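For reference, the structure is listed below as structure tokens.
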Amino acid sequence: MKNRKTNNQYIKEFLLALIKNKWALISIIWLFVIIAIAIFASQLAPFDPNKNNIMERVAPPLTLDKQGNMKYLIGSDALGRDSFSRLIFGAQVSLIVGFSAVLVGGILGTGLGVYAGYYGKWIDDIIMRLADIQLAFPFILLAILFLVVLGEGLINLIIVLGIGQWVTYARIARAQTISQKEKEYVEAAKALGVNNFSIMFGSILPNIFAPLIVIASFNVASVILAEAALSFLGLGVPPQIPTWGAMLAESRDHIFAKRWWMPFFPGMAILLTVLAFNIVGDWLRDYLDPRLKEVE
């Protein structure tokens with residue numbers, strides 16, 4: 001009989017598997033850097049991101065002040081605001097919206113999915129038909145509709161994007177719950193008189209958590225993209241809050257004026273962050289798949 005692994009052994013295996021995959025390791029390092037930048041934005045930003053200086057508008061990267069010191073590392077925007085400071089504070093919005101919306105959608109979708117899979121019958125039919133109705137509409141159009149009605153704001157944006165993510169979690173959680181509810185440990189819990197709520201969320205949920213984590217890592221990337229798209233359209237957070245999508249929107253008229261730096265840096269921030277989340281999600285899917293471990 002094999003001995004159960006300790007937590008330290010699981011952590012060691014996780015780190016060894018991560019080190020073997022250089023792209024996943026680089027992606028996680030990048031995400032830690034972005035998270036640290038977002039947390040310490042106030043300390044890292046050299047200027048107030050909303051401070052205007054019309055006399056120094058659209059300054060190019062590596063602009064020096066009169067004393068020869070670096071002033072605008074990646075240039076300034078059309079209102080003379082420091083693009084580097086706005087890029088740093090934009091990371092806060094992207095990560096807050098990304099993680100919060102996934103948390104809202106994950107909790108809502110997982111709860112409904114486990115409930116539908118466990119009880120089945122008319123409860124399952126109602127929840128899945130609601131999911132089908134939502135999938136029948138393009139998500140970005142629904143998001144625009146709700147934000148026009150609710151108005152701009154960080155909380156409204158998180159709620160709209162979170163509700164838009166619940167269907168994926170519900171479908172995965174439902175399918176996994178159906179496969180788990182007939183197993184011996186569930187039958188044993190029922191025989192011992194454990195209530196249904198404890199069985200669903202105390203016994204079944206921990207056993208279906210792995211695929212939900214994988215889906216969450218992919219969804220953070222999609223939410224960041226959706227937030228950037230909505231901010232680009234002026235439907236995200238208020239204009240005074242810097243976001244990567246708003247920076248792209250503000251710089252679109254300057255592309256043809258050969259001011260490449262204005263859209264380049266926020267675009268690269270979105271690209272690299274979304275790519276990193278997707279790479280980590282892809283690696284987690286492979287790492288948590290027991291069939292692949294058996295092959296190895």
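To be explicit about the labels: the chains of the structure tokens are called A, B, and onward in the order shown, and within each one the residues are counted from 1, while ligands get numbers from 1 in the order they are shown.
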
Next on the checklist: Set the distance at 10 Å and use only C-alpha atoms: which residues neighbour Phe40 in chain A once local chain neighbours fewer than 5 positions away are removed? I'd like the list as a ChimeraX atom specification.
Outcome noted: /A:34-35,45,88-89,92

Checklist entry - Residues at most 10 Å from Pro60 in chain A, counting only C-alpha atoms, excluding those fewer than 4 positions away in the same chain, as a VMD selection string? => result chain A and resid 56 64 72 to 77 259 to 262

Item to check | Given only C-alpha atoms as the counted atoms, nearest of A:Leu18, A:Ile123, A:Ile155, A:Leu145 to Pro238 in chain A | outcome: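 Comparing A:Leu18, A:Ile123, A:Ile155, A:Leu145 against Pro238 in chain A, the winner is A:Ile155.
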
How close does each residue of range 85-114 of chain A get to range 263-268 of chain A, giving the shortest atom pair and distance in Å to one decimal for every residue with an atom at most 12 Å away, counting only C-alpha atoms, sorted by chain and residue number, as a tab-separated table?
residue	atom	partner	partner_atom	distance
A:Ser85	CA	A:Pro266	CA	11.5
A:Arg86	CA	A:Pro266	CA	9.3
A:Leu87	CA	A:Pro266	CA	6.5
A:Ile88	CA	A:Pro266	CA	9.8
A:Phe89	CA	A:Pro266	CA	11.3
A:Gly90	CA	A:Pro266	CA	8.7
A:Ala91	CA	A:Pro266	CA	9.7
A:Ser94	CA	A:Pro266	CA	11.4

Item to check | Residue nearest Ile127 in chain A among A:Phe32, A:Tyr287, A:Trp166, A:Phe146 (counting only C-alpha atoms) | outcome: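 Going through A:Phe32, A:Tyr287, A:Trp166, A:Phe146 one by one, the smallest distance to Ile127 in chain A is for A:Trp166.
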
Checklist outcome for this item: Across A:Ala170, A:Ile140, A:Ala59, A:Ile96, the smallest distance to Thr243 in chain A, with only C-alpha atoms counted, is shown by A:Ile96

Next on the checklist: Using only C-alpha atoms, can you tell me which of A:Val223, A:Ile107, A:Ile54, A:Val274 comes closest to Phe139 in chain A?
Outcome noted: A:Val223

Item to check | Who sits within 8 Å of Ala143 in chain A, only C-alpha atoms, same chain under 6 positions skipped, as a list in words | outcome: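 After dropping sequence-adjacent residues, the list is Val160, Leu161 and Gly164 of chain A.
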
Prev. selection, N, CA, C and O atoms, output as a PDB file, in the first residue's frame:
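Heads up, here's the output in result35.pdb:
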ATOM      1  N   VAL A 160     -20.788  42.702 -14.386  1.00  0.00           N
ATOM      2  CA  VAL A 160     -21.179  42.326 -15.750  1.00  0.00           C
ATOM      3  C   VAL A 160     -20.245  41.255 -16.304  1.00  0.00           C
ATOM      4  O   VAL A 160     -20.701  40.245 -16.865  1.00  0.00           O
ATOM      5  N   LEU A 161     -18.940  41.450 -16.157  1.00  0.00           N
ATOM      6  CA  LEU A 161     -17.987  40.466 -16.678  1.00  0.00           C
ATOM      7  C   LEU A 161     -18.041  39.157 -15.883  1.00  0.00           C
ATOM      8  O   LEU A 161     -17.851  38.077 -16.445  1.00  0.00           O
ATOM      9  N   GLY A 164     -21.004  37.165 -16.937  1.00  0.00           N
ATOM     10  CA  GLY A 164     -20.763  36.618 -18.262  1.00  0.00           C
ATOM     11  C   GLY A 164     -19.913  35.358 -18.266  1.00  0.00           C
ATOM     12  O   GLY A 164     -19.872  34.644 -19.277  1.00  0.00           O
TER      13      GLY A 164
END
